[in-house]
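Asks: Have a look at the structure that comes next, please.
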Amino acid sequence: MKERLKINGIWLAIMVVIFAMLAITYSTGLMSPVVETTLVMIGINIILAAGLNLVIGISGQFSLGHAGFMAIGAYTTAIMTIKIPSIVGFLIGLVLGCILSGIVALLVGIPTLRLSGDYLAIATLGVSEIIRSLIMNMDQITNGPAGLFGIPPFVTWSMVYLFVCITLILMTNYIHSAAGRATLSVRENLIAAESMGVNVTKYKVVAFVIGAMTAAVAGGMYSSYVQTIVPGNFDFMKSIDILIIVVFGGVGSMTGTVVAAVLLGVLNMYLQDFGAIRMIIYAFALVIIMIFKPSGLLGTKEFSVKKLLSKGGKQHV
């Protein structure tokens, strides 16, 4: 317990240093609007990918429904912010979106997570499309296919950074907890885990619900930052975009998720000038990298403060 608190303290110190560097860059005017937008989108993608990595990389369940839970968070936050145009309304919307997404994930997860592989992917994709279809047909609440416009902006790069830090700390602590180790055992060998008394369905559902709730938080911040959302923002390709980050960084590696989100975000920023061929270059770069590094940038490896401390202690001795 003391060791875990010490590691968390070191991570918090690193995050504070990075925040200070970004704050100095912003206050001195070195952070342009384009860079700020890129930074916000990278942060939102980290939250999304971290939640999906918990589902795919830690619990071993292949889900394609992340965009649907993001849509729940985005629309709930947007509607509440429009009705109560203040930071209080935004925070209420964020919490409600998170809770609603968790409830939907729980109701969906109990029957669907008994499936596996391609069957689970198809089921979660179907759930995502059902959510999007409901949003498109709830004209009185969501304004249907036209979407919501003029959403009051309350999200800043510093707020996104704060939520990224909270998400990563919660995720890493969950993975290293007793529940996290049980979830990892389900990924490694479902039958062996079940024979040892692990409630397989329970830990699958818990990981799925946590992933859905983080997606809702990311969706809420996305809607407040861009100020305009339509159902098309949360289609099948959005789930694929998040999946690309997870696979590119390394399935099961939270460090890889952060690195991949940053690299792909920066790459996307520099490709803006290429117009229509931007996505071709982007896709080609991904193909080349995955050919030479099929397990992702970091595979299942993590940047470990614990290992650095142990090495430092040995050198000191």
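In the structure tokens, the first chain shown is A, the next is B, and so on; residue numbers restart at 1 for each chain, and ligands run from 1 in the order shown.
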For Val226 (chain A), find every residue with an atom within 10 Å (counting only C-alpha atoms), except residues of its own chain fewer than 6 positions away, and show them as a list in words.

Replies: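 Counting only C-alpha atoms, the residues come to Thr37, Met41, Phe149, Gly150, Ile151, Pro152, Pro153 and Val155 of chain A.
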
Asks: Wanna dump the region 54-134 of chain A-region 234-244 of chain A contacts at 10 Å for me, each residue with its shortest atom pair and the distance in Å to one decimal, counting only C-alpha atoms, ordered by chain and number, as CSV?

Replies:
residue,atom,partner,partner_atom,distance
A:Ile56,CA,A:Leu243,CA,9.2
A:Phe62,CA,A:Leu243,CA,9.7
A:Ser63,CA,A:Ser239,CA,8.9
A:Leu64,CA,A:Ser239,CA,5.8
A:Gly65,CA,A:Ser239,CA,6.5
A:His66,CA,A:Ser239,CA,5.6
A:Ala67,CA,A:Ser239,CA,5.0
A:Gly68,CA,A:Phe234,CA,6.5
A:Phe69,CA,A:Phe234,CA,9.0
A:Met70,CA,A:Phe234,CA,7.3
A:Ala71,CA,A:Phe234,CA,5.9
A:Ile72,CA,A:Phe234,CA,9.6
A:Ala74,CA,A:Phe234,CA,9.5
A:Leu125,CA,A:Phe236,CA,7.4
A:Gly126,CA,A:Phe236,CA,9.7
A:Ser128,CA,A:Phe236,CA,7.9
A:Glu129,CA,A:Asp235,CA,7.3
A:Ile131,CA,A:Phe234,CA,9.6
A:Arg132,CA,A:Phe234,CA,7.2
A:Ser133,CA,A:Asp235,CA,10.0

Asks: Write out, as a PDB file, in the first residue's frame, the residues just selected, with C-alpha atoms.

Replies:
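Output below, filename result.pdb:
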ATOM      1  CA  ILE A  56      -9.629  -5.012 -24.951  1.00  0.00           C
ATOM      2  CA  PHE A  62     -13.085  -7.140 -28.299  1.00  0.00           C
ATOM      3  CA  SER A  63     -15.494  -4.200 -28.312  1.00  0.00           C
ATOM      4  CA  LEU A  64     -16.507  -1.900 -31.166  1.00  0.00           C
ATOM      5  CA  GLY A  65     -19.148   0.066 -29.255  1.00  0.00           C
ATOM      6  CA  HIS A  66     -17.032   2.816 -27.723  1.00  0.00           C
ATOM      7  CA  ALA A  67     -18.417   5.546 -29.983  1.00  0.00           C
ATOM      8  CA  GLY A  68     -21.942   4.859 -28.710  1.00  0.00           C
ATOM      9  CA  PHE A  69     -20.958   5.499 -25.083  1.00  0.00           C
ATOM     10  CA  MET A  70     -19.049   8.595 -26.166  1.00  0.00           C
ATOM     11  CA  ALA A  71     -22.262   9.806 -27.850  1.00  0.00           C
ATOM     12  CA  ILE A  72     -24.251   9.335 -24.622  1.00  0.00           C
ATOM     13  CA  ALA A  74     -21.572  14.098 -25.457  1.00  0.00           C
ATOM     14  CA  LEU A 125     -21.110  -2.597 -32.739  1.00  0.00           C
ATOM     15  CA  GLY A 126     -24.857  -3.215 -32.898  1.00  0.00           C
ATOM     16  CA  SER A 128     -23.375   1.487 -30.684  1.00  0.00           C
ATOM     17  CA  GLU A 129     -25.526   1.794 -33.791  1.00  0.00           C
ATOM     18  CA  ILE A 131     -27.586   4.301 -29.496  1.00  0.00           C
ATOM     19  CA  ARG A 132     -26.823   6.453 -32.534  1.00  0.00           C
ATOM     20  CA  SER A 133     -30.176   5.597 -34.140  1.00  0.00           C
TER      21      SER A 133
END

Asks: When distances are computed from only C-alpha atoms, which of A:Phe248, A:Tyr174, A:Phe274, A:Tyr225 shows the smallest separation from Ile210 (chain A)?

Replies: A:Tyr174

Asks: Counting only C-alpha atoms, what is within 9 Å of region 10-26 of chain A, bar same-chain residues fewer than 6 positions away, as a VMD selection string?

Replies: chain A and resid 32 36 158 161 to 162 165 169 305

Asks: Write out as a ChimeraX atom specification the residues lying within 8 Å of Thr257 (chain A), counting only C-alpha atoms and excluding same-chain residues fewer than 2 positions away.

Replies: /A:46,49-50,53,245-246,248-250,253-255,259-261

Asks: Can you list, as a ChimeraX atom specification, all residues belonging to region 78-194 of chain A that DSSP tags as helix (DSSP H, G or I)?

Replies: /A:78-83,87-112,117-137,139-142,144-146,157-175,178-188,190-194

Asks: Rank nothing, just name the residue among A:Val35, A:Leu190, A:Val40, A:Met136 nearest to Gly232 (chain A), using only C-alpha atoms.

Replies: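 Using only C-alpha atoms, Gly232 (chain A) sits closest to A:Met136.
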
Asks: Near Ile141 (chain A), within 10 Å and counting only C-alpha atoms, which residues show up once chain neighbours fewer than 6 positions away are dropped, as a PyMOL selection string?

Replies: chain A and resi 75-76+79+135+147-148

Asks: Grab the CA of Leu48 (chain A) to CA of Glu3 (chain A) distance for me, in Å with one decimal place.

Replies: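 Result for CA of Leu48 (chain A) versus CA of Glu3 (chain A): 28.3 Å, one decimal.
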
Asks: Can you list, as an MDAnalysis selection string, every protein, DNA or RNA residue that comes within 9 Å of Gly144 (chain A) when you count only C-alpha atoms, leaving out same-chain residues fewer than 4 positions away?

Replies: chainID A and resid 134:140 148 230:231

Asks: Have a look at CA of Ile175 (chain A) and CA of Ile191 (chain A) and let me know their distance in Å, one decimal.

Replies: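 Taking CA of Ile175 (chain A) and CA of Ile191 (chain A), their separation equals 20.3 Å.
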
Asks: May I have the residues within 12 Å of Ser177 (chain A) as a compact mmCIF listing (two decimals) with all heavy atoms, in the first residue's frame, using only C-alpha atoms and disregarding those fewer than 6 positions away in the same chain?

Replies:
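Everything below was put into part37.txt:
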# COMPACT_ATOMS: atom_id res chain seq x y z
N MET A 1 0.83 -1.22 0.00
CA MET A 1 0.00 0.00 0.00
C MET A 1 0.86 1.26 0.00
O MET A 1 0.63 2.19 -0.77
CB MET A 1 -0.92 -0.02 1.23
CG MET A 1 -1.88 1.15 1.30
SD MET A 1 -3.11 1.07 -0.03
CE MET A 1 -4.06 2.54 0.32
N ARG A 4 2.55 1.67 -3.30
CA ARG A 4 1.63 2.16 -4.33
C ARG A 4 1.41 3.67 -4.17
O ARG A 4 1.36 4.40 -5.16
CB ARG A 4 0.28 1.43 -4.19
CG ARG A 4 -0.63 1.55 -5.39
CD ARG A 4 -0.07 0.82 -6.57
NE ARG A 4 -0.19 1.63 -7.78
CZ ARG A 4 0.47 1.41 -8.89
NH1 ARG A 4 1.32 0.43 -8.97
NH2 ARG A 4 0.34 2.19 -9.94
N LEU A 170 -6.40 6.43 -12.16
CA LEU A 170 -7.44 5.46 -11.78
C LEU A 170 -7.26 4.14 -12.51
O LEU A 170 -7.40 3.06 -11.91
CB LEU A 170 -8.82 6.04 -12.08
CG LEU A 170 -9.31 7.18 -11.17
CD1 LEU A 170 -10.65 7.71 -11.64
CD2 LEU A 170 -9.41 6.71 -9.72
N MET A 171 -6.94 4.21 -13.81
CA MET A 171 -6.76 2.99 -14.61
C MET A 171 -5.59 2.16 -14.10
O MET A 171 -5.71 0.94 -13.91
CB MET A 171 -6.52 3.36 -16.08
CG MET A 171 -7.74 3.88 -16.80
SD MET A 171 -8.98 2.60 -17.03
CE MET A 171 -10.21 3.52 -17.95
N THR A 183 -9.04 -9.49 -13.38
CA THR A 183 -9.41 -9.18 -14.76
C THR A 183 -8.34 -9.66 -15.72
O THR A 183 -8.64 -10.20 -16.80
CB THR A 183 -9.62 -7.66 -14.93
OG1 THR A 183 -10.55 -7.20 -13.96
CG2 THR A 183 -10.17 -7.34 -16.32
N LEU A 184 -7.08 -9.49 -15.35
CA LEU A 184 -5.97 -9.97 -16.18
C LEU A 184 -5.98 -11.50 -16.28
O LEU A 184 -5.66 -12.05 -17.35
CB LEU A 184 -4.63 -9.51 -15.58
CG LEU A 184 -4.26 -8.04 -15.83
CD1 LEU A 184 -3.08 -7.64 -14.95
CD2 LEU A 184 -3.92 -7.81 -17.30

Asks: Please compute the CA of Leu54 (chain A)-CA of Phe208 (chain A) distance, one decimal, in Å.

Replies: 7.8 Å

Asks: Using only C-alpha atoms, which residue out of A:Asn173, A:Thr300, A:Ser223, A:Asn233 lies closest to Leu5 (chain A)?

Replies: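 Using only C-alpha atoms, the shortest distance to Leu5 (chain A) belongs to A:Asn173.
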
Asks: Between A:Asn45, A:Asn268, A:Asn143, A:Ser59, which one has atoms that come closest to Gly180 (chain A), using only C-alpha atoms?

Replies: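 The closest residue to Gly180 (chain A) is A:Ser59.
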
Asks: May I ask which of the residues A:Leu96, A:Val251, A:Ile110, A:Ile280 is the closest one to Leu297 (chain A), counting only C-alpha atoms?

Replies: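 Of A:Leu96, A:Val251, A:Ile110, A:Ile280, the one nearest Leu297 (chain A) is A:Val251, counting only C-alpha atoms.
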